[in-house]
Amino acid sequence: MKRPMRGMVGWVLACAIAGAAAAPALAEPAWPTYHHDAGRSGDDPEAGTPLAPSLAWQSPPLGAPIWGQPLVLGSRVYVATVGDRLYALEASSGKVIWEKSAGVPVPSSELPCGDISPTVGIVGTPVIDTSTNAIYAVADTWDASKKEAHHVLKGYALSGGEEVLSAPVDPPGSDPKALLQRTALNLDGGEVVFGFGGNDGDCGNYRGTVVAAPVGGGAAHFWQYQPAAPAFSGAGVWGPSGPAVDGEGNIYASTGNPNTSGGEAATYDYSDSLLQLSSQASRLGSFKPPSWKYDSNHDIDLGSAGPELLGAGIIFQAGKNGIGYLIGASTMSSEAPALYEAQVCGGFGSFGGDAYAAGVIYIPCSNGAQALAYNQSAHTFSPLWKGPSDAKGPPILTAGLVWTVAGGGGATKLYGLEPANGKPRYTLTLPSPVADHFPSPSAASGRLFLATGSTVTAYMVAKPASAGTIGSTESIGASTSGPSGGAGQAGSMLAAGGPAAPEPAPPLLLRTRLHVTAGGRTRLALVCTAAPRACSGKVTLRARFRVRSGHKRVRRVLLITLAVARFGPARGTFTLTLRLGPRGLAHLRAHRGHLAVIAVIGSPGGGFRRVAATLTQGARQRPRPAPGHA
């Protein structure tokens with residue numbers, strides 16, 4: 001990443017066309033996916049000034065246990081229960097803003113085995129897509145009349161909980177009763193990515209699966225385990241952190257052991273492996289541990305924890321054998337050995353998901369959290385410390401500490417560990433025990449959130465950092481003049497999941513990787529959610545630059561209007577064409593055909609949506625959105 005530009009505003013604009021890097025939009029409180037981001041870093045980058053933790057609130061009971069991580073966007077917290085219900089809570093108080101049913105959950109007694117009760121509904125952590133302003137979850141649903149279970153990908157608008165997607169995602173030829181959707185969901189290029197494994201006990205005939213399902217509906221893509229005899233099922237993709245996604249759209253998912261009919265597994269079949277998949281879930285490569293045969297025949301899943309992306313094409317993976325592997329993404333197509341490996345966990349190995357920040361990898365080991373110093377140039381790691389033996393939960397980092405739950409289901413202790421030595425600075429007693437076997441907190445805006453049984457508990461752990469300032473310039477390079485200011489408070493509130501805007505609400509942007517033709521035209525796909533009313537309004541594309549200006553080097557974010565177009569009245573899904581002027585195209589060329597922008601979507605009386613997007617020019621790329629066992 002290039003350094004921020006410096007100097008006076010006029011000089012900045014001249015340099016911008018010469019190739020300065022676009023910067024991210026100012027952050028609002030956000031933890032939109034498991035462990036914060038698509039690479040599963042578990043790091044809250046904007047916690048603010050640390051405070052001694054204090055209980056902020058505990059939500060009212062939400063009707064059924066919560067097995068996933070709470071998600072945060074703006075002023076709201078979102079959770080889902082095994083009762084197939086989703087909730088939006090007020091982040092400052094825990095008050096329920098809206099709740100929605102995703103279907104009838106499956107009674108636990110109707111399944112051949114398992115350890116989730118009293119029903120199995122939404123188990124994996126959902127994901128928030130800020131490009132569509134929607135939350136997505138996989139619901140296990142029950143048809144009592146047919147005694148059938150089915151898995152359905154559900155999408156709900158953040159503002160009011162309106163359903164925007166309902167798509168079946170059972171893998172071809174599968175027995176849905178034998179499948180458990182345990183992994184957290186992720187996003188990749190307009191698709192929701194997740195895994196399937198088996199119920200606890202490995203009963204029934206199931207095959208580990210990775211699914212990539214379009215957020216706009218349509219057919220899902222599947223990678224399915226094909227067992228080599230004597231294996232007949234298994235290879236569950238069940239680690240709670242789920243698949244990770246890199247900046248190129250590649251998916252990384254780890255699998256579990258094969259199930260055999262009595263013989264010994266001897267033929268490598270991508271069980272107990274790390275898989276590298278395309279954005280459409282086709283296999284590109286894999287990593288086979290040297291101990292694959294032994295592990296596969298002794299229930300030693302590599303996939304008990306999900307992969308951790310360290311950047312620069314390096315992946316860290318640990319599992320039940322307790323060995324940590326550094327794996328190069330570029331060599332997985334040849335099934336090359338690990339770049340480095342060493343024992344990192346005792347006990348029964350690693351479960352859940354890791355965290356990574358500032359060159360340190362934090363691992364949830366069954367004998368206590370471990371920290372490893374990662375040497376990026378040498379592709380090695382070395383042990384830093386081991387935490388308390390009961391600090392087993394997947395860790396996160398916020399407010400200057402490593403936070404982890406002591407134990408699994410039924411645990412009532414939360415640790416705040418010193419990142420330098422792993423010693424507890426704080427030990428908190430939770431107001432209710434957790435339900436998840438591998439519980440992990442989330443954090444945003446100075447608060448730490450944790451699912452505590454059928455409630456959510458929030459602690460204040462930091463004084464939130466204040467946001468930067470936003471500057472604006474005259475419209476340049478646009479086909480028509482844009483609005484005079486920023487997106488406005490209404491847009492910020494709506495994007496944050498705040499109070500719903502008056503009808504008609506602005507439409508949703510379905511794809512945020514926008515291809516620009518040589519003539520400067522780009523087409524946007526939008527969907528009007530204001531049924532039965534029609535949507536109308538205006539879309540403005542603005543480039544974003546972070547600069548320092550003035551003798552005090554005040555940090556500012558400049559928003560430069562590139563193109564504007566009006567739409568409507570329109571219903572359902574529709575397209576809109578915008579045209580960049582010569583200066584807008586100059587910006588795009590200066591950034592080698594890849595420019596970060598903000599799409600401001602406004603409707604009269606309906607507020608604004610602000611959506612992060614990218615403009616690309618050159619070879620057409622597939623559209624992308626903005627940033628087993630129980």
# chains A, B, ... in the order shown; residues from 1 in each chain; ligands from 1
$ residues_around --residues "Pro290 in chain A" --least-positions-apart "6" --cutoff "12 Å" --atoms "only C-alpha atoms" --output "number ranges by chain"
A: 268, 272-273, 296, 302, 321, 323, 325, 335-338, 340-341
$ write_last_selection --atoms "C-alpha atoms" --output "compact mmCIF listing (two decimals), in the first residue's frame"
# COMPACT_ATOMS: atom_id res chain seq x y z
CA TYR A 268 -5.50 -39.61 -0.60
CA ASP A 272 -7.91 -34.01 6.31
CA SER A 273 -6.60 -31.34 3.97
CA SER A 296 -7.38 -39.90 8.67
CA LEU A 302 -7.15 -30.98 10.19
CA ASN A 321 -2.91 -33.02 15.62
CA ILE A 323 0.79 -29.04 14.41
CA TYR A 325 1.54 -25.40 9.15
CA GLU A 335 0.40 -30.34 -3.47
CA ALA A 336 3.79 -29.21 -2.23
CA PRO A 337 4.82 -29.68 1.42
CA ALA A 338 4.37 -26.97 4.00
CA TYR A 340 7.22 -24.70 7.74
CA GLU A 341 5.60 -26.82 10.42
$ residues_around --residues "Pro388 in chain A" --least-positions-apart "4" --cutoff "9 Å" --atoms "only C-alpha atoms" --output "PDB file with N, CA and C atoms, in the first residue's frame"
ATOM      1  N   ASN A 367      -5.314 -27.016  25.301  1.00  0.00           N
ATOM      2  CA  ASN A 367      -4.576 -26.874  26.557  1.00  0.00           C
ATOM      3  C   ASN A 367      -4.246 -25.412  26.851  1.00  0.00           C
ATOM      4  N   GLY A 368      -4.965 -24.479  26.217  1.00  0.00           N
ATOM      5  CA  GLY A 368      -4.774 -23.060  26.474  1.00  0.00           C
ATOM      6  C   GLY A 368      -4.284 -22.317  25.252  1.00  0.00           C
ATOM      7  N   ALA A 369      -4.673 -21.059  25.153  1.00  0.00           N
ATOM      8  CA  ALA A 369      -4.309 -20.237  23.997  1.00  0.00           C
ATOM      9  C   ALA A 369      -2.793 -20.164  23.832  1.00  0.00           C
ATOM     10  N   LYS A 392      -9.510 -21.640  26.202  1.00  0.00           N
ATOM     11  CA  LYS A 392      -9.566 -22.489  25.007  1.00  0.00           C
ATOM     12  C   LYS A 392     -10.332 -21.877  23.841  1.00  0.00           C
ATOM     13  N   ALA A 406     -12.960 -19.093  28.611  1.00  0.00           N
ATOM     14  CA  ALA A 406     -12.390 -20.275  29.270  1.00  0.00           C
ATOM     15  C   ALA A 406     -13.348 -21.444  29.099  1.00  0.00           C
ATOM     16  N   GLY A 422       0.634 -13.344  27.696  1.00  0.00           N
ATOM     17  CA  GLY A 422      -0.483 -14.256  27.871  1.00  0.00           C
ATOM     18  C   GLY A 422      -1.054 -14.323  29.269  1.00  0.00           C
ATOM     19  N   LYS A 423      -0.592 -13.477  30.160  1.00  0.00           N
ATOM     20  CA  LYS A 423      -1.115 -13.490  31.527  1.00  0.00           C
ATOM     21  C   LYS A 423      -2.428 -12.711  31.599  1.00  0.00           C
ATOM     22  N   PRO A 424      -3.378 -13.186  32.407  1.00  0.00           N
ATOM     23  CA  PRO A 424      -4.658 -12.484  32.492  1.00  0.00           C
ATOM     24  C   PRO A 424      -4.510 -11.104  33.133  1.00  0.00           C
TER      25      PRO A 424
END
$ closest_residue --among "A:Val215, A:Val405, A:Asp37, A:Ser333" --to "Tyr426 in chain A" --atoms "only C-alpha atoms"
A:Val405
$ select_by_dssp --residues "range 216-273 of chain A" --states "strand (DSSP E or B)" --output "list in words"
His221, Phe222, Trp223, Gln224, Ala231, Phe232, Ser233, Gly234, Ala244, Val245, Ile251, Tyr252, Ala253, Ser254, Pro258, Asn259 and Thr260 of chain A
$ residues_around --residues "Gly42 in chain A" --least-positions-apart "2" --cutoff "8 Å" --atoms "only C-alpha atoms" --output "ChimeraX atom specification"
/A:34-37,40,44,354-356,395-397
$ write_last_selection --atoms "all heavy atoms" --output "JSON list (two decimals), in the first residue's frame"
[["chain", "number", "residue", "atom", "x", "y", "z"],
["A", 34, "TYR", "N", -17.39, -13.45, 10.83],
["A", 34, "TYR", "CA", -16.64, -14.11, 11.89],
["A", 34, "TYR", "C", -15.20, -13.62, 11.89],
["A", 34, "TYR", "O", -14.53, -13.59, 10.87],
["A", 34, "TYR", "CB", -16.69, -15.63, 11.68],
["A", 34, "TYR", "CG", -16.06, -16.44, 12.79],
["A", 34, "TYR", "CD1", -16.86, -16.98, 13.80],
["A", 34, "TYR", "CD2", -14.69, -16.66, 12.84],
["A", 34, "TYR", "CE1", -16.30, -17.74, 14.82],
["A", 34, "TYR", "CE2", -14.12, -17.41, 13.86],
["A", 34, "TYR", "CZ", -14.93, -17.94, 14.85],
["A", 34, "TYR", "OH", -14.35, -18.69, 15.86],
["A", 35, "HIS", "N", -14.72, -13.24, 13.07],
["A", 35, "HIS", "CA", -13.36, -12.73, 13.26],
["A", 35, "HIS", "C", -13.04, -11.55, 12.34],
["A", 35, "HIS", "O", -11.94, -11.43, 11.82],
["A", 35, "HIS", "CB", -12.35, -13.85, 13.15],
["A", 35, "HIS", "CG", -12.19, -14.61, 14.45],
["A", 35, "HIS", "ND1", -11.07, -15.31, 14.78],
["A", 35, "HIS", "CD2", -13.03, -14.75, 15.51],
["A", 35, "HIS", "CE1", -11.22, -15.86, 15.97],
["A", 35, "HIS", "NE2", -12.42, -15.52, 16.44],
["A", 36, "HIS", "N", -14.07, -10.75, 12.13],
["A", 36, "HIS", "CA", -13.95, -9.40, 11.57],
["A", 36, "HIS", "C", -13.89, -9.30, 10.07],
["A", 36, "HIS", "O", -14.48, -8.41, 9.46],
["A", 36, "HIS", "CB", -12.75, -8.67, 12.17],
["A", 36, "HIS", "CG", -12.63, -7.24, 11.74],
["A", 36, "HIS", "ND1", -11.89, -6.85, 10.63],
["A", 36, "HIS", "CD2", -13.15, -6.09, 12.25],
["A", 36, "HIS", "CE1", -11.98, -5.54, 10.49],
["A", 36, "HIS", "NE2", -12.74, -5.06, 11.47],
["A", 37, "ASP", "N", -13.13, -10.17, 9.38],
["A", 37, "ASP", "CA", -12.88, -9.96, 7.95],
["A", 37, "ASP", "C", -12.78, -11.30, 7.23],
["A", 37, "ASP", "O", -12.79, -12.36, 7.84],
["A", 37, "ASP", "CB", -11.61, -9.14, 7.74],
["A", 37, "ASP", "CG", -10.45, -9.63, 8.58],
["A", 37, "ASP", "OD1", -10.04, -10.79, 8.41],
["A", 37, "ASP", "OD2", -9.96, -8.86, 9.44],
["A", 40, "ARG", "N", -10.20, -13.70, 8.33],
["A", 40, "ARG", "CA", -10.41, -14.18, 9.70],
["A", 40, "ARG", "C", -9.33, -13.68, 10.66],
["A", 40, "ARG", "O", -8.83, -14.44, 11.49],
["A", 40, "ARG", "CB", -10.49, -15.71, 9.75],
["A", 40, "ARG", "CG", -11.48, -16.35, 8.79],
["A", 40, "ARG", "CD", -12.86, -15.76, 8.91],
["A", 40, "ARG", "NE", -13.91, -16.60, 8.31],
["A", 40, "ARG", "CZ", -15.12, -16.17, 8.01],
["A", 40, "ARG", "NH1", -15.44, -14.90, 8.20],
["A", 40, "ARG", "NH2", -16.02, -16.99, 7.50],
["A", 44, "ASP", "N", -9.70, -6.18, 15.95],
["A", 44, "ASP", "CA", -10.53, -4.97, 15.91],
["A", 44, "ASP", "C", -9.58, -3.78, 15.76],
["A", 44, "ASP", "O", -8.93, -3.40, 16.74],
["A", 44, "ASP", "CB", -11.35, -4.86, 17.19],
["A", 44, "ASP", "CG", -12.13, -3.56, 17.28],
["A", 44, "ASP", "OD1", -12.33, -2.91, 16.24],
["A", 44, "ASP", "OD2", -12.52, -3.18, 18.40],
["A", 354, "ASP", "N", -8.42, -18.93, 14.43],
["A", 354, "ASP", "CA", -7.27, -18.19, 14.95],
["A", 354, "ASP", "C", -7.51, -16.68, 14.84],
["A", 354, "ASP", "O", -8.51, -16.22, 14.30],
["A", 354, "ASP", "CB", -6.01, -18.56, 14.16],
["A", 354, "ASP", "CG", -5.82, -20.06, 14.03],
["A", 354, "ASP", "OD1", -5.94, -20.75, 15.06],
["A", 354, "ASP", "OD2", -5.56, -20.54, 12.91],
["A", 355, "ALA", "N", -6.51, -15.94, 15.33],
["A", 355, "ALA", "CA", -6.46, -14.50, 15.13],
["A", 355, "ALA", "C", -5.04, -14.14, 14.73],
["A", 355, "ALA", "O", -4.09, -14.87, 15.02],
["A", 355, "ALA", "CB", -6.87, -13.75, 16.40],
["A", 356, "TYR", "N", -4.91, -12.98, 14.06],
["A", 356, "TYR", "CA", -3.58, -12.58, 13.58],
["A", 356, "TYR", "C", -3.50, -11.06, 13.54],
["A", 356, "TYR", "O", -4.39, -10.40, 12.98],
["A", 356, "TYR", "CB", -3.31, -13.14, 12.19],
["A", 356, "TYR", "CG", -2.00, -12.66, 11.59],
["A", 356, "TYR", "CD1", -0.79, -13.05, 12.13],
["A", 356, "TYR", "CD2", -2.01, -11.83, 10.47],
["A", 356, "TYR", "CE1", 0.41, -12.62, 11.58],
["A", 356, "TYR", "CE2", -0.81, -11.39, 9.92],
["A", 356, "TYR", "CZ", 0.40, -11.79, 10.48],
["A", 356, "TYR", "OH", 1.58, -11.35, 9.94],
["A", 395, "PRO", "N", -9.62, -16.85, 20.03],
["A", 395, "PRO", "CA", -9.32, -15.52, 20.56],
["A", 395, "PRO", "C", -9.59, -14.42, 19.54],
["A", 395, "PRO", "O", -9.58, -14.65, 18.33],
["A", 395, "PRO", "CB", -7.83, -15.60, 20.88],
["A", 395, "PRO", "CG", -7.30, -16.57, 19.86],
["A", 395, "PRO", "CD", -8.41, -17.56, 19.62],
["A", 396, "ILE", "N", -9.80, -13.21, 20.06],
["A", 396, "ILE", "CA", -9.82, -12.00, 19.24],
["A", 396, "ILE", "C", -8.97, -10.94, 19.93],
["A", 396, "ILE", "O", -8.57, -11.11, 21.11],
["A", 396, "ILE", "CB", -11.25, -11.45, 19.00],
["A", 396, "ILE", "CG1", -11.83, -10.89, 20.31],
["A", 396, "ILE", "CG2", -12.15, -12.51, 18.41],
["A", 396, "ILE", "CD1", -13.04, -10.00, 20.11],
["A", 397, "LEU", "N", -8.69, -9.84, 19.22],
["A", 397, "LEU", "CA", -7.91, -8.75, 19.78],
["A", 397, "LEU", "C", -8.70, -7.46, 19.71],
["A", 397, "LEU", "O", -9.18, -7.07, 18.64],
["A", 397, "LEU", "CB", -6.59, -8.58, 19.02],
["A", 397, "LEU", "CG", -5.63, -9.77, 19.09],
["A", 397, "LEU", "CD1", -5.74, -10.59, 17.81],
["A", 397, "LEU", "CD2", -4.21, -9.33, 19.31]]
$ residues_around --residues "Val96 in chain A" --least-positions-apart "3" --cutoff "12 Å" --atoms "only C-alpha atoms" --output "number ranges by chain"
A: 58-62, 76-79, 86-93, 99-100, 160-161, 455-456
$ residues_around --residues "Leu588 in chain A" --least-positions-apart "2" --cutoff "9 Å" --atoms "only C-alpha atoms" --output "PyMOL selection string"
chain A and resi 17+19+583-586+590-595+615-617
$ write_last_selection --atoms "N, CA, C and O atoms" --output "mmCIF file, in the first residue's frame"
data_model
loop_
_atom_site.group_PDB
_atom_site.id
_atom_site.type_symbol
_atom_site.label_atom_id
_atom_site.label_comp_id
_atom_site.auth_asym_id
_atom_site.auth_seq_id
_atom_site.Cartn_x
_atom_site.Cartn_y
_atom_site.Cartn_z
ATOM 1 N N ILE A 17 -4.260 12.299 -9.936
ATOM 2 C CA ILE A 17 -4.352 11.844 -11.319
ATOM 3 C C ILE A 17 -3.060 11.159 -11.733
ATOM 4 O O ILE A 17 -3.050 10.275 -12.574
ATOM 5 N N GLY A 19 -1.434 9.121 -9.932
ATOM 6 C CA GLY A 19 -1.349 7.742 -9.464
ATOM 7 C C GLY A 19 -1.363 7.545 -7.980
ATOM 8 O O GLY A 19 -0.868 6.536 -7.501
ATOM 9 N N ARG A 583 -11.723 13.269 -17.015
ATOM 10 C CA ARG A 583 -10.909 13.287 -15.808
ATOM 11 C C ARG A 583 -11.170 12.063 -14.936
ATOM 12 O O ARG A 583 -10.259 11.563 -14.266
ATOM 13 N N GLY A 584 -12.419 11.588 -14.933
ATOM 14 C CA GLY A 584 -12.694 10.353 -14.217
ATOM 15 C C GLY A 584 -11.932 9.186 -14.803
ATOM 16 O O GLY A 584 -11.376 8.356 -14.074
ATOM 17 N N LEU A 585 -11.883 9.126 -16.142
ATOM 18 C CA LEU A 585 -11.097 8.064 -16.783
ATOM 19 C C LEU A 585 -9.612 8.231 -16.504
ATOM 20 O O LEU A 585 -8.877 7.246 -16.367
ATOM 21 N N ALA A 586 -9.145 9.482 -16.386
ATOM 22 C CA ALA A 586 -7.738 9.710 -16.057
ATOM 23 C C ALA A 586 -7.412 9.162 -14.677
ATOM 24 O O ALA A 586 -6.341 8.570 -14.458
ATOM 25 N N ALA A 590 -4.748 6.210 -13.978
ATOM 26 C CA ALA A 590 -3.635 6.471 -13.065
ATOM 27 C C ALA A 590 -3.531 5.404 -11.988
ATOM 28 O O ALA A 590 -2.458 5.189 -11.419
ATOM 29 N N HIS A 591 -4.643 4.745 -11.715
ATOM 30 C CA HIS A 591 -4.631 3.680 -10.723
ATOM 31 C C HIS A 591 -4.636 2.306 -11.383
ATOM 32 O O HIS A 591 -5.110 1.323 -10.811
ATOM 33 N N ARG A 592 -4.107 2.250 -12.593
ATOM 34 C CA ARG A 592 -3.916 0.994 -13.318
ATOM 35 C C ARG A 592 -5.224 0.221 -13.479
ATOM 36 O O ARG A 592 -5.276 -1.003 -13.372
ATOM 37 N N GLY A 593 -6.281 0.963 -13.729
ATOM 38 C CA GLY A 593 -7.558 0.333 -14.004
ATOM 39 C C GLY A 593 -8.252 -0.275 -12.806
ATOM 40 O O GLY A 593 -9.111 -1.143 -12.969
ATOM 41 N N HIS A 594 -7.919 0.202 -11.602
ATOM 42 C CA HIS A 594 -8.538 -0.351 -10.388
ATOM 43 C C HIS A 594 -8.660 0.777 -9.373
ATOM 44 O O HIS A 594 -7.680 1.160 -8.747
ATOM 45 N N LEU A 595 -9.861 1.316 -9.206
ATOM 46 C CA LEU A 595 -10.051 2.505 -8.386
ATOM 47 C C LEU A 595 -11.170 2.276 -7.377
ATOM 48 O O LEU A 595 -12.276 1.875 -7.732
ATOM 49 N N LEU A 615 -14.032 0.415 -9.309
ATOM 50 C CA LEU A 615 -14.123 0.529 -10.758
ATOM 51 C C LEU A 615 -12.930 -0.194 -11.354
ATOM 52 O O LEU A 615 -11.790 -0.006 -10.912
ATOM 53 N N THR A 616 -13.169 -1.041 -12.351
ATOM 54 C CA THR A 616 -12.079 -1.725 -13.036
ATOM 55 C C THR A 616 -12.219 -1.512 -14.531
ATOM 56 O O THR A 616 -13.319 -1.415 -15.071
ATOM 57 N N GLN A 617 -11.067 -1.447 -15.185
ATOM 58 C CA GLN A 617 -11.056 -1.292 -16.639
ATOM 59 C C GLN A 617 -9.985 -2.202 -17.191
ATOM 60 O O GLN A 617 -8.922 -2.372 -16.595
#
$ atom_distance --atom1 "CA of Asp436 in chain A" --atom2 "CA of Gly400 in chain A"
25.1 Å
